[in-house]
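Single-structure report; data block below.
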Amino acid sequence: MTSDTATEAKPGLRPIVDYLIMPNENSVEGAYLQGLQCKACPTVFLYAPTRRYCAVCNGKDEDLFSKVRLNDEGEVWVFTVVHQSWPGIPTPFVGGIIDVGVEGDAEAKVAVRANIVGVEADPKNLHMGMKVRGKAAVAHKDKDGNDVVVWQFEPA
Amino acid sequence: MNNESLRDVYVGGVGMIKFGRYPEENVATLGAQAVQLALADGGMQLNDIEMMAAGCLYQTNMIGQKILKEIGMTGIPVYNVANACATGSTAFREAYFAVGSGAYDIALAVGVEQMGKRGLLGGITGDPAYSPEGVMGTGTMPGVFGMAGLEHSRQYGTTIEQFAQVSVKNHEHAMANPLSQYQVRVSLEDVLNARMVAYPNTLYMCCPTGDGAAAAVVMSKEKAKQFSRELIKVAASALTTDPYTDRVLTFPDVNTMTVNAAREAYEQAGVSPLDLNSVELHDCFATAEVLHYENLQLAPKGEAGRWVDEKLTDLAGPQGDPRWTPVNTSGGLLSKGHPIGATGVANICEITWQLRGQAGDRQVPDHKVGMAHTIGLGSACAVHILTK
């Protein structure tokens, strides 16, 4: 984000990643994760505005991707409990890799990296294969006073 | 890769400085010392070197040339390479190609890194407010390799104790390596009770941060004979990256590129896993070593935990067992240290010493075939096989 846009726009909500879509300007309500599904192969990537080509089938056609909505529900593939991180990052926290499906496609799925919240950060409270549900939440403010929004999962 | 069109390449001299912390030095002065050690070991002069490949990850600005400005500006071509944790191995492979192609008769690979206390790695770039680290999972190395270990637990029931035992073994091996950054004996209890970094990797299950340098001279057969070197052959050099696998763009796949590189290396060298007398593999975390037993075909799929229990990779393990293949006799990254650019070349040093019978109290008897392996996330994996 450039300082120009920061001074023009009122402080508000800003997603931390491009694939977190927030339809409401003033609320995290309705937020969801977005993917790009290759029409040729049909791998799902996390949405990035700059992805033009498919890293799996090498597809490069115009209009190669469909924007797809990822399901809120997911399943924990693996997790870790992080006790040591960079300065300023609160620990411990649970970091996970969560498999999520794609709305309207029973076969497709994509992995999402996120915190698992709503449980004490102890391995005994977690297991691989655990059902979780994702939600958007404000994590902290940026230097311009915007609320930075993340996606996180809690036990379903 | 088909290496049949290349001529044979031999390791002519190796050297490394003791890994540790050298805040008063810089990458050029560290690298220079390693080069001098390798030249002295090979019985040659800098003027004999026709080409140089220098590996350094975090200070990539003309490191090879800076080393020559310390030891002798001979005007030779220099390549500077960076390839994550496979940086040193990639430099070695460039020197191998330089000689293998027939373009040069003697080439030098040097790897160096001055990490200070830079650890964790991965995770944060750009504006910290928009870094997902800690608020959308983790990309730090202890976290990623912790998850990779748990993935193995999930599939095969591998236990935390089995992961931890790897750290006990590698620290024990390091007791016999004066060049190891740490020479500290640790018990299983010490490892399990150490501060947790990222579950299940405790402090002793994470490689240390530090500085180091290593160098290796490679040469044609004619030159090796001319310098009266014992013929240590580079029988295989494989380099791979990630093929697309499920989750790989979100969760690094630390396995597949190693599987692929090992398969290719065995084919190039015409040897089988049972022929290996020792392996230096990329134990950046204790969890990683366990996974690589299977990836490098030392253990069948799912049985790496049993390999730990039966001490099949331990110098003090069952020597008569055909499956016995000591792993990380140097102490591995976990104890010897992991100054990134130096690591891949240091692995070549250790295998060379083992092949020559110069490994002292950590010598594997009757050593004829050894493997050196590194992986870097992002991704790069190198496997070399050396034979005599």
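If you're wondering about the labels, chains in the structure tokens are A, B, ... by order shown, residues count from 1 in each chain, ligands from 1 in order shown.
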
List every residue of range 229-348 of chain B that DSSP, applied to the backbone, labels as strand (DSSP E), and write the result as a CSV table (one decimal) with C-alpha atoms, in the first residue's frame.
```
chain,number,residue,atom,x,y,z
B,232,ILE,CA,37.9,-40.1,-4.4
B,233,LYS,CA,35.4,-40.0,-7.2
B,234,VAL,CA,32.3,-37.8,-7.4
B,235,ALA,CA,30.1,-40.7,-8.6
B,236,ALA,CA,26.9,-38.8,-8.6
B,237,SER,CA,25.6,-35.2,-8.5
B,238,ALA,CA,21.9,-34.7,-8.5
B,239,LEU,CA,20.0,-31.4,-8.0
B,240,THR,CA,16.2,-31.1,-7.8
B,278,SER,CA,27.9,-43.4,5.8
B,279,VAL,CA,25.6,-40.5,5.0
B,280,GLU,CA,25.8,-36.8,5.8
```

Show me, as a ChimeraX atom specification, every residue of chain A with an atom at most 6 Å from chain B, counting only C-alpha atoms. /A:16,78-84,95-96,111,113-115,142

Residues just named, written with C-alpha atoms as a compact mmCIF listing (two decimals), in the first residue's frame:
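part39.txt was written with the following content:
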```txt
# COMPACT_ATOMS: atom_id res chain seq x y z
CA ILE A 16 -3.51 -9.26 5.48
CA VAL A 78 -0.78 -30.75 10.54
CA PHE A 79 -0.07 -28.24 13.27
CA THR A 80 2.71 -27.01 15.52
CA VAL A 81 2.76 -24.98 18.69
CA VAL A 82 5.24 -22.15 18.24
CA HIS A 83 7.00 -21.03 21.42
CA GLN A 84 9.75 -18.95 19.83
CA GLY A 95 0.05 -22.68 13.59
CA GLY A 96 -1.69 -25.10 11.32
CA ALA A 111 -4.32 -25.95 1.89
CA ARG A 113 -1.85 -21.70 6.56
CA ALA A 114 -3.48 -20.15 9.62
CA ASN A 115 -3.58 -19.94 13.37
CA ASP A 142 -0.96 -1.06 10.95
```

CA of Ala54 in chain B to CA of Asp105 in chain B: how many Å, to one decimal? 17.5 Å

Residue contacts of Trp324 in chain B (8 Å, only C-alpha atoms) excluding same-chain residues fewer than 6 positions away, as a tab-separated table (two decimals) with N, CA and C atoms, in the first residue's frame:
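In the end it all went to around_37.tsv:
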```tsv
chain	number	residue	atom	x	y	z
B	311	LYS	N	19.01	-48.27	16.35
B	311	LYS	CA	20.32	-47.58	16.26
B	311	LYS	C	21.04	-47.88	14.94
B	312	LEU	N	20.28	-48.01	13.88
B	312	LEU	CA	20.86	-48.40	12.59
B	312	LEU	C	21.61	-47.27	11.91
B	313	THR	N	21.50	-46.05	12.44
B	313	THR	CA	22.24	-44.91	11.87
B	313	THR	C	23.23	-44.34	12.88
B	314	ASP	N	23.43	-45.07	13.96
B	314	ASP	CA	24.27	-44.63	15.07
B	314	ASP	C	25.65	-45.26	14.91
B	317	GLY	N	25.98	-48.21	16.72
B	317	GLY	CA	24.91	-49.16	16.43
B	317	GLY	C	25.44	-50.54	16.05
B	318	PRO	N	24.54	-51.39	15.54
B	318	PRO	CA	24.90	-52.79	15.22
B	318	PRO	C	25.72	-52.90	13.93
```

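Each of A:Glu73, A:Leu46, A:Val138, A:Gln37 was checked against Gly59 in chain A using only C-alpha atoms; the smallest atom-to-atom distance is that of A:Gln37.
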
Selection: 12 Å around Ala31 in chain A, only C-alpha atoms, excl. self and same-chain fewer than 2 positions, as a CSV table (one decimal) with C-alpha atoms, in the first residue's frame:
```csv
chain,number,residue,atom,x,y,z
A,13,LEU,CA,-10.2,-2.8,7.6
A,14,ARG,CA,-7.4,-4.2,5.5
A,15,PRO,CA,-7.0,-7.9,4.8
A,19,TYR,CA,-7.0,-14.2,-0.9
A,20,LEU,CA,-9.0,-12.9,2.1
A,21,ILE,CA,-12.0,-11.1,0.6
A,22,MET,CA,-14.0,-8.7,2.6
A,23,PRO,CA,-17.3,-7.6,1.0
A,24,ASN,CA,-18.1,-5.2,3.8
A,25,GLU,CA,-16.1,-2.1,4.2
A,26,ASN,CA,-16.8,-1.6,7.9
A,27,SER,CA,-17.1,-5.2,9.2
A,28,VAL,CA,-15.5,-8.6,9.0
A,29,GLU,CA,-18.9,-10.0,8.5
A,33,LEU,CA,-11.2,-17.0,1.4
A,34,GLN,CA,-11.0,-16.9,-2.4
A,69,ARG,CA,-15.0,-19.3,-2.9
A,70,LEU,CA,-13.3,-21.6,-0.4
A,71,ASN,CA,-15.4,-23.3,2.3
A,72,ASP,CA,-15.2,-22.0,5.9
A,134,GLY,CA,-12.6,-20.5,9.7
A,135,LYS,CA,-13.5,-16.9,10.5
A,136,ALA,CA,-12.1,-13.4,9.9
A,137,ALA,CA,-10.7,-11.5,12.8
A,138,VAL,CA,-8.9,-8.2,13.5
A,149,VAL,CA,-7.7,-8.6,9.3
A,150,VAL,CA,-6.6,-12.3,9.3
A,151,TRP,CA,-8.3,-15.6,8.8
A,152,GLN,CA,-8.2,-18.1,11.6
```

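Across the structure, CA of Ala304 in chain B and CA of Val290 in chain B are spaced 5.8 Å apart.
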
Env of Ala214 in chain B: 8 Å cut, atoms = only C-alpha atoms, seq-sep filter 3 positions within chain, self excluded. Answer as number ranges by chain. B: 14-17, 31, 34-35, 110-112, 342-343, 345-346, 349

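Relative to CA of Gln181 in chain B, CA of Phe92 in chain B is found at 22.2 Å.
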